[in-house]
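Have a look at the structure below, then the notes.
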Amino acid sequence: MQIYLPIAEMSVDVFLILGMGGVVGFLSGLFGVGGGFLMTPLLIFIGIPPAVAVGTQANQLVASSVSGVLAHMRRGNVDFKMGFVLLIGGVIGSFLGVILFAWLQALGQIDFVISLCYVVFLGVVGGLMFVESLGALIKSRRKAGPITPKLPGERHSGWIHKLPFKMRFRRSKLYISALLPGAVGFMVGVLSAIMGVGGGFVMVPAMIYLLGMPTQVVVGTSLFQIIFVTANTAFLQAAINQTVDVVLALLLLAGAVLGAPAGAKAGAKLRGEQIRILLAALVLLVCGKLVFDLVATPDELFSLGGGGG
Amino acid sequence: MTRSALGNSAVLGKAMALLSTLLLLSVWGAAGPVWAQSPDPTPASPPTTAPAPASPSPASPSLASPPSAAPAPIEMPDLGLGPRASVEPELEPVQPLVADLSDHLIAITTAFTGTDVLLFGATDGPGDVVMVVRGPITSKVVRRKDRIGGLVWANHDSVTFEEIPSFYRVASSRPLDEFAPEIVLQRHQIGLENLTLPLADEDAEDMDPEEQQLFRDALLRLMQTEDLYGDVGVGQINHLANRLFRSQLYFPATVPVGSYNVEVYLFRNGEVAQAEITPLIIGKDGLGADIYDFAYEQSLLYGALAVIAAIMAGYLAGIAFRKS
């Protein structure tokens, strides 16, 4: 069954989109990430213009983060104070990111920058997570018991404590400068606008390793602020670049709603470090594909873009 | 439901097109012999003896006026033609070529997956028919990737083409070079190689012609892969008995919106004997059009509503999760 997408200006198979939403929903239910880093490349792969893929994906992430936060709120795993500080940085970041996006689009470099961002962040995050979770897996083999990653972030080095605007975050059991989460939020905001991702896959490790937050509040808090960052991104992308396709967003969402519970159920059967190592492998796989595309000699050197209007 | 309804209307449209073609055929069958007296040397048309070599219209009444003298001349076997010829002056001068489309308006609705339009028409005798479809004028940027830092491929040079058709198709009954000289094809921009693809001034100045040609070739190639340009479709026009012709015109789902021109050329002796231009409008319609207009005309409100819809959808999904 085909449906014509009004903003993307092409027709797609409804079931293909639903299926993609379902698969990504399954993975996001399994790993607790938004799945934007998978969905955007998939959308581009089936021929959706990159700009529309990014804008629409941001809109769809609003919905999936809202439903995620609801689940975490019931367990009390959301640090609202931390969320707001992250948010202030995130909103500024996504505003700049959308402007940057429009500029890069006019320059014809947007595809390249999107790819490059993906490679750098997926590579770094995937690599770190892989090493960390592999270590945890080996350790847990030796002595049973829950493993909490002990990383440098938990004991901040001296200069971080000298930063001004110190704040107490009760839920996260932290007393640190507000500039730190603000900067993390800002960076994720920029990425969210350029890459069409919620930034969960960057935010979660940054909160654990840089801010030293306890793992159980990280996912909920990250999702909480991602709602606002992606909402802001989606709104600005729609307002400035007209790249949000609501029909596509709703189809993806419908698929994700069906896929996520299955993913969560599957996730309950796996141990934490097993999930992390699988996610790391997935992230590295996507990263490897993108590196290959950037480095390999393309079949077609030329590409077509819309004219100025 | 809507799909089947749409399918029915498409079938209905085709039936209508067929009907009108049949109607045209019957009209031609009846009036053909009379009209065919235009000054082409068609051996098939019988009344070659009847009209004077001068313009047929004033000649006919004089022919019809002396019916009393009928028995006298011997060469009157074509008597039956006389009274019919007397009706003729009221008819307009003969058109060597008439053509029309089964639809003049294509609506892109939510269920749009591309569509066919029937071009049909008639010629007053032998000749080659060529159809050219041109979409609304647009501009496109062609970018070329280059190795940056000797490692990574990224867009580097770019050329803007201004005032090029956003859609282009050619259909013909025979290969073009069998009946049309190159110069005529160039004049009318028939065939991809004859399209003038003007570069933006600033690009044209600082690029040598060979490079420009590379980018032109790339533009044609890319537009073809996007199904927006097509090379000459030989044999896509059926010319029946040198009179009727028809061609199926396919518009893919990615077709740009705007006003199109469907040009039909009749070639005789290596020249364009006549050309007809029929307009065709392709526009978005229904819900899709509303969403598109909304997104572009009231971007702020659209963005806000898109976000609110997403929040509500997420909230509902969250509640659904809890229950399950």
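Starting from 1 in every chain, residues are counted up; chains themselves are A, B, ... following the order of the structure tokens, and ligands are numbered from 1 as listed.
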
Which residues of chain A come within 8 Å of chain B, and what is each one's closest atom pair and distance in Å (one decimal), counting only C-alpha atoms, sorted by chain and residue number, as JSON lines?
{"residue": "A:Gln2", "atom": "CA", "partner": "B:Ala111", "partner_atom": "CA", "distance": 6.4}
{"residue": "A:Ile3", "atom": "CA", "partner": "B:Ala111", "partner_atom": "CA", "distance": 5.1}
{"residue": "A:Tyr4", "atom": "CA", "partner": "B:Thr110", "partner_atom": "CA", "distance": 4.7}
{"residue": "A:Leu5", "atom": "CA", "partner": "B:Thr110", "partner_atom": "CA", "distance": 7.1}
{"residue": "A:Pro6", "atom": "CA", "partner": "B:Gly288", "partner_atom": "CA", "distance": 4.9}
{"residue": "A:Ile7", "atom": "CA", "partner": "B:Tyr292", "partner_atom": "CA", "distance": 6.0}
{"residue": "A:Glu9", "atom": "CA", "partner": "B:Thr254", "partner_atom": "CA", "distance": 6.5}
{"residue": "A:Met10", "atom": "CA", "partner": "B:Thr254", "partner_atom": "CA", "distance": 5.2}
{"residue": "A:Ser11", "atom": "CA", "partner": "B:Ala253", "partner_atom": "CA", "distance": 6.0}
{"residue": "A:Asn59", "atom": "CA", "partner": "B:Val307", "partner_atom": "CA", "distance": 6.2}
{"residue": "A:Gln60", "atom": "CA", "partner": "B:Ala310", "partner_atom": "CA", "distance": 6.5}
{"residue": "A:Val62", "atom": "CA", "partner": "B:Ala310", "partner_atom": "CA", "distance": 5.9}
{"residue": "A:Ala63", "atom": "CA", "partner": "B:Gly314", "partner_atom": "CA", "distance": 3.9}
{"residue": "A:Ser64", "atom": "CA", "partner": "B:Gly314", "partner_atom": "CA", "distance": 5.5}
{"residue": "A:Ser65", "atom": "CA", "partner": "B:Gly314", "partner_atom": "CA", "distance": 7.2}
{"residue": "A:Val66", "atom": "CA", "partner": "B:Gly314", "partner_atom": "CA", "distance": 5.1}
{"residue": "A:Ser67", "atom": "CA", "partner": "B:Gly318", "partner_atom": "CA", "distance": 4.0}
{"residue": "A:Gly68", "atom": "CA", "partner": "B:Gly318", "partner_atom": "CA", "distance": 6.9}
{"residue": "A:Leu70", "atom": "CA", "partner": "B:Gly318", "partner_atom": "CA", "distance": 6.1}
{"residue": "A:Ala71", "atom": "CA", "partner": "B:Gly318", "partner_atom": "CA", "distance": 7.0}
{"residue": "A:Gly108", "atom": "CA", "partner": "B:Asn155", "partner_atom": "CA", "distance": 7.0}
{"residue": "A:Gln109", "atom": "CA", "partner": "B:Asn155", "partner_atom": "CA", "distance": 6.4}
{"residue": "A:Phe112", "atom": "CA", "partner": "B:Ala154", "partner_atom": "CA", "distance": 6.0}
{"residue": "A:Ala231", "atom": "CA", "partner": "B:Val307", "partner_atom": "CA", "distance": 5.8}
{"residue": "A:Ala234", "atom": "CA", "partner": "B:Gly303", "partner_atom": "CA", "distance": 6.7}
{"residue": "A:Phe235", "atom": "CA", "partner": "B:Gly303", "partner_atom": "CA", "distance": 4.3}
{"residue": "A:Leu236", "atom": "CA", "partner": "B:Gly303", "partner_atom": "CA", "distance": 7.0}
{"residue": "A:Gln237", "atom": "CA", "partner": "B:Gly303", "partner_atom": "CA", "distance": 7.7}
{"residue": "A:Ala238", "atom": "CA", "partner": "B:Gly303", "partner_atom": "CA", "distance": 4.8}
{"residue": "A:Ala239", "atom": "CA", "partner": "B:Ser299", "partner_atom": "CA", "distance": 4.4}
{"residue": "A:Ile240", "atom": "CA", "partner": "B:Ser299", "partner_atom": "CA", "distance": 7.4}
{"residue": "A:Gln242", "atom": "CA", "partner": "B:Ala295", "partner_atom": "CA", "distance": 6.3}
{"residue": "A:Val244", "atom": "CA", "partner": "B:Gly303", "partner_atom": "CA", "distance": 7.7}
{"residue": "A:Val246", "atom": "CA", "partner": "B:Ala306", "partner_atom": "CA", "distance": 6.5}
{"residue": "A:Leu250", "atom": "CA", "partner": "B:Ala310", "partner_atom": "CA", "distance": 8.0}
{"residue": "A:Val257", "atom": "CA", "partner": "B:Ala317", "partner_atom": "CA", "distance": 6.3}
{"residue": "A:Pro261", "atom": "CA", "partner": "B:Phe321", "partner_atom": "CA", "distance": 7.0}
{"residue": "A:Leu294", "atom": "CA", "partner": "B:Val152", "partner_atom": "CA", "distance": 5.5}
{"residue": "A:Val295", "atom": "CA", "partner": "B:Val152", "partner_atom": "CA", "distance": 4.9}
{"residue": "A:Ala296", "atom": "CA", "partner": "B:Trp153", "partner_atom": "CA", "distance": 7.8}
{"residue": "A:Thr297", "atom": "CA", "partner": "B:Trp153", "partner_atom": "CA", "distance": 7.4}
{"residue": "A:Pro298", "atom": "CA", "partner": "B:Trp153", "partner_atom": "CA", "distance": 8.0}
{"residue": "A:Leu301", "atom": "CA", "partner": "B:Lys145", "partner_atom": "CA", "distance": 5.1}
{"residue": "A:Phe302", "atom": "CA", "partner": "B:Arg144", "partner_atom": "CA", "distance": 4.4}
{"residue": "A:Ser303", "atom": "CA", "partner": "B:Arg143", "partner_atom": "CA", "distance": 5.2}
{"residue": "A:Leu304", "atom": "CA", "partner": "B:Val142", "partner_atom": "CA", "distance": 4.8}
{"residue": "A:Gly305", "atom": "CA", "partner": "B:Val141", "partner_atom": "CA", "distance": 4.9}
{"residue": "A:Gly306", "atom": "CA", "partner": "B:Lys140", "partner_atom": "CA", "distance": 4.9}
{"residue": "A:Gly307", "atom": "CA", "partner": "B:Lys140", "partner_atom": "CA", "distance": 4.2}
{"residue": "A:Gly308", "atom": "CA", "partner": "B:Ser139", "partner_atom": "CA", "distance": 7.1}
{"residue": "A:Gly309", "atom": "CA", "partner": "B:Ser139", "partner_atom": "CA", "distance": 7.8}

Residue set, range 220-302 of chain A restricted to alpha helix (DSSP H), as a PyMOL selection string
chain A and resi 220-236+246-268+272-295

Distance criterion (only C-alpha atoms): nearest to Ser259 in chain B out of B:Ile137, B:Leu195, B:Ala200, B:Ile183:
B:Ile137

Leaving out Gly29 in chain A and any residue of its chain fewer than 5 positions from it, which residues lie within 12 Å of it when counting only C-alpha atoms, given as JSON, numbers by chain?
{"A": [21, 22, 23, 24, 34, 35, 64, 65, 67, 68, 71, 219, 256, 257, 258, 259, 260, 261, 262, 263, 264, 265, 266, 267, 268, 275, 279], "B": [321]}

Deliver the residues from the most recent selection as a file, using C-alpha atoms, as a compact mmCIF listing (two decimals), in the first residue's frame.
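Result file follows (out32.txt):
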# COMPACT_ATOMS: atom_id res chain seq x y z
CA GLY A 21 9.39 2.06 12.93
CA GLY A 22 8.76 -1.33 14.48
CA VAL A 23 12.36 -2.54 14.23
CA VAL A 24 13.78 0.69 15.55
CA GLY A 34 15.62 6.76 21.03
CA GLY A 35 16.93 4.98 18.00
CA SER A 64 8.86 8.26 21.82
CA SER A 65 10.66 10.22 24.57
CA SER A 67 6.22 7.68 26.44
CA GLY A 68 9.67 6.68 27.73
CA ALA A 71 7.62 4.87 32.33
CA VAL A 219 18.09 7.19 31.10
CA ALA A 256 7.57 2.26 17.10
CA VAL A 257 4.63 1.93 19.48
CA LEU A 258 4.15 -1.63 18.32
CA GLY A 259 7.85 -2.48 18.45
CA ALA A 260 8.93 -0.94 21.74
CA PRO A 261 7.09 -3.25 24.21
CA ALA A 262 8.51 -6.29 22.45
CA GLY A 263 11.97 -4.78 22.78
CA ALA A 264 11.46 -4.02 26.45
CA LYS A 265 10.29 -7.57 27.06
CA ALA A 266 13.37 -8.96 25.31
CA GLY A 267 15.55 -6.56 27.27
CA ALA A 268 14.23 -7.86 30.59
CA ILE A 275 22.59 -5.24 26.46
CA LEU A 279 24.22 -1.83 21.61
CA PHE B 321 2.25 0.55 27.65

Work out how far apart CA of Leu266 in chain B and CA of Val129 in chain B are and give it in Å to one decimal.
4.8 Å

Please provide the set of residues having any atom within 6 Å of Ile282 in chain B, restricted to only C-alpha atoms, with same-chain residues fewer than 3 positions apart removed, written as a VMD selection string.
chain B and resid 105 to 106 257 to 258

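Comparing B:Glu210, B:Glu276, B:Asp177, B:Asp103 by their smallest distance to Gly121 in chain B, the closest is B:Glu276 (using only C-alpha atoms).
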
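Of note, CA of Ala53 in chain A and CA of Pro41 in chain A are spaced 8.3 Å apart.
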
Env of range 121-130 of chain A: 7 Å cut, atoms = only C-alpha atoms, seq-sep filter 2 positions within chain, self excluded. Answer as a list of chain:residue names.
A:Cys117, A:Tyr118, A:Val119, A:Glu132, A:Ser133, A:Leu134, A:Val202, A:Arg276, A:Ile277, A:Ala280, A:Ala281, A:Val283, A:Leu284, A:Cys287

Residues as selected, N, CA and C atoms, written as a compact mmCIF listing (two decimals), in the first residue's frame, can you do that?
# COMPACT_ATOMS: atom_id res chain seq x y z
N CYS A 117 29.51 13.68 11.53
CA CYS A 117 29.06 13.70 12.93
C CYS A 117 28.76 12.29 13.40
N TYR A 118 28.04 11.56 12.56
CA TYR A 118 27.70 10.19 12.93
C TYR A 118 28.93 9.35 13.16
N VAL A 119 29.89 9.45 12.24
CA VAL A 119 31.09 8.64 12.34
C VAL A 119 31.83 8.95 13.64
N GLU A 132 34.10 -0.83 27.71
CA GLU A 132 33.60 -0.84 29.09
C GLU A 132 32.75 -2.07 29.37
N SER A 133 31.81 -2.38 28.45
CA SER A 133 30.89 -3.48 28.71
C SER A 133 31.58 -4.84 28.57
N LEU A 134 32.59 -4.87 27.71
CA LEU A 134 33.36 -6.11 27.59
C LEU A 134 34.09 -6.38 28.90
N VAL A 202 24.64 9.86 22.94
CA VAL A 202 25.76 10.69 23.37
C VAL A 202 25.54 11.13 24.82
N ARG A 276 24.43 -3.72 26.86
CA ARG A 276 25.36 -2.65 26.47
C ARG A 276 26.31 -3.11 25.37
N ILE A 277 26.76 -4.34 25.46
CA ILE A 277 27.72 -4.81 24.45
C ILE A 277 27.03 -4.99 23.10
N ALA A 280 26.62 -1.52 21.76
CA ALA A 280 27.91 -1.03 21.29
C ALA A 280 28.25 -1.64 19.93
N ALA A 281 27.97 -2.93 19.78
CA ALA A 281 28.26 -3.59 18.50
C ALA A 281 27.41 -2.98 17.38
N VAL A 283 26.11 0.07 17.31
CA VAL A 283 26.59 1.43 17.06
C VAL A 283 27.84 1.38 16.19
N LEU A 284 28.74 0.47 16.51
CA LEU A 284 29.98 0.37 15.74
C LEU A 284 29.72 -0.09 14.31
N CYS A 287 28.48 2.82 12.39
CA CYS A 287 29.62 3.69 12.22
C CYS A 287 30.54 3.18 11.10

Can you tell me, as a ChimeraX atom specification, what residues are no more than 10 Å from range 164-169 of chain B when counting only C-alpha atoms, ignoring any on the same chain fewer than 2 positions away?
/B:131-140,161-162,171,190-192,195-199,223-224,227-233,249-251,255-258,260-262

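Distance check against Ser247 in chain B using only C-alpha atoms: of B:Glu211, B:Pro96, B:Thr123, B:Ser172, the minimum falls on B:Ser172.
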
Could you name the residues that touch range 171-188 of chain A at 8 Å or less, counting only C-alpha atoms, but leaving out those on the same chain fewer than 2 positions away, as a PyMOL selection string?
chain A and resi 78-79+82+85-94+160-161+163-169+190-192+198-199+202-203+206-207+211-214+217

Same residues, N, CA and C atoms, saved as a short mmCIF file (atom, residue, chain, number, x, y, z; two decimals), in the first residue's frame:
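Printed below is part.cif as written:
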data_model
loop_
_atom_site.label_atom_id
_atom_site.label_comp_id
_atom_site.auth_asym_id
_atom_site.auth_seq_id
_atom_site.Cartn_x
_atom_site.Cartn_y
_atom_site.Cartn_z
N VAL A 78 13.73 10.09 37.39
CA VAL A 78 14.00 11.30 36.63
C VAL A 78 14.46 12.39 37.58
N ASP A 79 15.66 12.93 37.34
CA ASP A 79 16.18 14.06 38.11
C ASP A 79 15.78 15.34 37.40
N MET A 82 18.34 18.36 37.35
CA MET A 82 19.40 18.10 36.37
C MET A 82 18.86 18.24 34.96
N VAL A 85 18.62 21.88 33.87
CA VAL A 85 19.92 22.48 33.55
C VAL A 85 20.42 21.99 32.19
N LEU A 86 20.28 20.70 31.98
CA LEU A 86 20.64 20.14 30.68
C LEU A 86 19.82 20.79 29.57
N LEU A 87 18.57 21.04 29.91
CA LEU A 87 17.63 21.59 28.95
C LEU A 87 18.02 22.98 28.47
N ILE A 88 18.45 23.83 29.45
CA ILE A 88 18.81 25.20 29.07
C ILE A 88 19.93 25.16 28.03
N GLY A 89 20.93 24.33 28.32
CA GLY A 89 22.00 24.17 27.34
C GLY A 89 21.47 23.59 26.04
N GLY A 90 20.57 22.62 26.16
CA GLY A 90 20.05 21.92 24.98
C GLY A 90 19.26 22.83 24.06
N VAL A 91 18.45 23.71 24.64
CA VAL A 91 17.62 24.59 23.80
C VAL A 91 18.50 25.55 23.02
N ILE A 92 19.50 26.13 23.71
CA ILE A 92 20.42 27.03 23.02
C ILE A 92 21.15 26.26 21.91
N GLY A 93 21.58 25.06 22.26
CA GLY A 93 22.31 24.24 21.30
C GLY A 93 21.47 23.89 20.08
N SER A 94 20.22 23.52 20.29
CA SER A 94 19.42 23.11 19.14
C SER A 94 19.04 24.31 18.28
N ILE A 160 37.35 20.72 37.73
CA ILE A 160 35.90 20.72 37.57
C ILE A 160 35.22 21.29 38.82
N HIS A 161 35.80 21.01 39.98
CA HIS A 161 35.22 21.52 41.22
C HIS A 161 35.44 23.00 41.39
N LEU A 163 34.93 25.21 39.03
CA LEU A 163 34.01 25.96 38.17
C LEU A 163 32.93 26.65 39.02
N PRO A 164 32.48 27.83 38.55
CA PRO A 164 31.45 28.56 39.32
C PRO A 164 30.05 27.93 39.17
N PHE A 165 29.04 28.57 39.77
CA PHE A 165 27.62 28.16 39.72
C PHE A 165 27.43 26.72 40.19
N LYS A 166 27.93 26.41 41.37
CA LYS A 166 27.76 25.04 41.86
C LYS A 166 26.31 24.80 42.28
N MET A 167 25.83 23.64 42.00
CA MET A 167 24.45 23.30 42.32
C MET A 167 24.41 21.91 42.92
N ARG A 168 23.36 21.69 43.77
CA ARG A 168 23.20 20.37 44.35
C ARG A 168 22.09 19.62 43.60
N PHE A 169 22.39 18.45 43.12
CA PHE A 169 21.39 17.62 42.44
C PHE A 169 21.12 16.41 43.31
N VAL A 190 22.96 20.74 19.71
CA VAL A 190 23.50 20.97 18.38
C VAL A 190 23.42 19.69 17.55
N LEU A 191 23.83 18.59 18.15
CA LEU A 191 23.80 17.31 17.45
C LEU A 191 22.39 16.92 17.06
N SER A 192 21.47 17.16 17.98
CA SER A 192 20.08 16.80 17.73
C SER A 192 19.55 17.51 16.50
N GLY A 198 17.88 12.24 19.05
CA GLY A 198 17.59 12.77 20.36
C GLY A 198 18.88 13.03 21.11
N GLY A 199 19.90 12.32 20.73
CA GLY A 199 21.19 12.50 21.37
C GLY A 199 21.39 11.57 22.55
N VAL A 202 24.64 9.86 22.94
CA VAL A 202 25.76 10.69 23.37
C VAL A 202 25.54 11.13 24.82
N MET A 203 24.28 11.48 25.10
CA MET A 203 23.90 12.00 26.40
C MET A 203 24.12 10.98 27.53
N ALA A 206 27.72 10.50 28.35
CA ALA A 206 28.26 11.74 28.90
C ALA A 206 27.80 11.92 30.34
N MET A 207 26.55 11.58 30.63
CA MET A 207 26.03 11.74 31.99
C MET A 207 26.69 10.75 32.94
N LEU A 211 29.57 13.42 33.96
CA LEU A 211 28.94 14.03 35.13
C LEU A 211 28.97 13.09 36.33
N GLY A 212 29.12 11.81 36.08
CA GLY A 212 29.18 10.86 37.17
C GLY A 212 27.83 10.61 37.81
N MET A 213 26.77 10.64 37.02
CA MET A 213 25.43 10.39 37.56
C MET A 213 25.19 8.89 37.74
N PRO A 214 24.39 8.49 38.72
CA PRO A 214 24.06 7.08 38.88
C PRO A 214 23.27 6.57 37.66
N VAL A 217 19.22 6.77 37.16
CA VAL A 217 18.50 8.01 36.84
C VAL A 217 18.91 8.59 35.49
#

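Restricting the calculation to only C-alpha atoms, the smallest distance between Phe201 in chain A and any of A:Thr243, A:Asn232, A:Ser222, A:Thr56 is found for A:Ser222.
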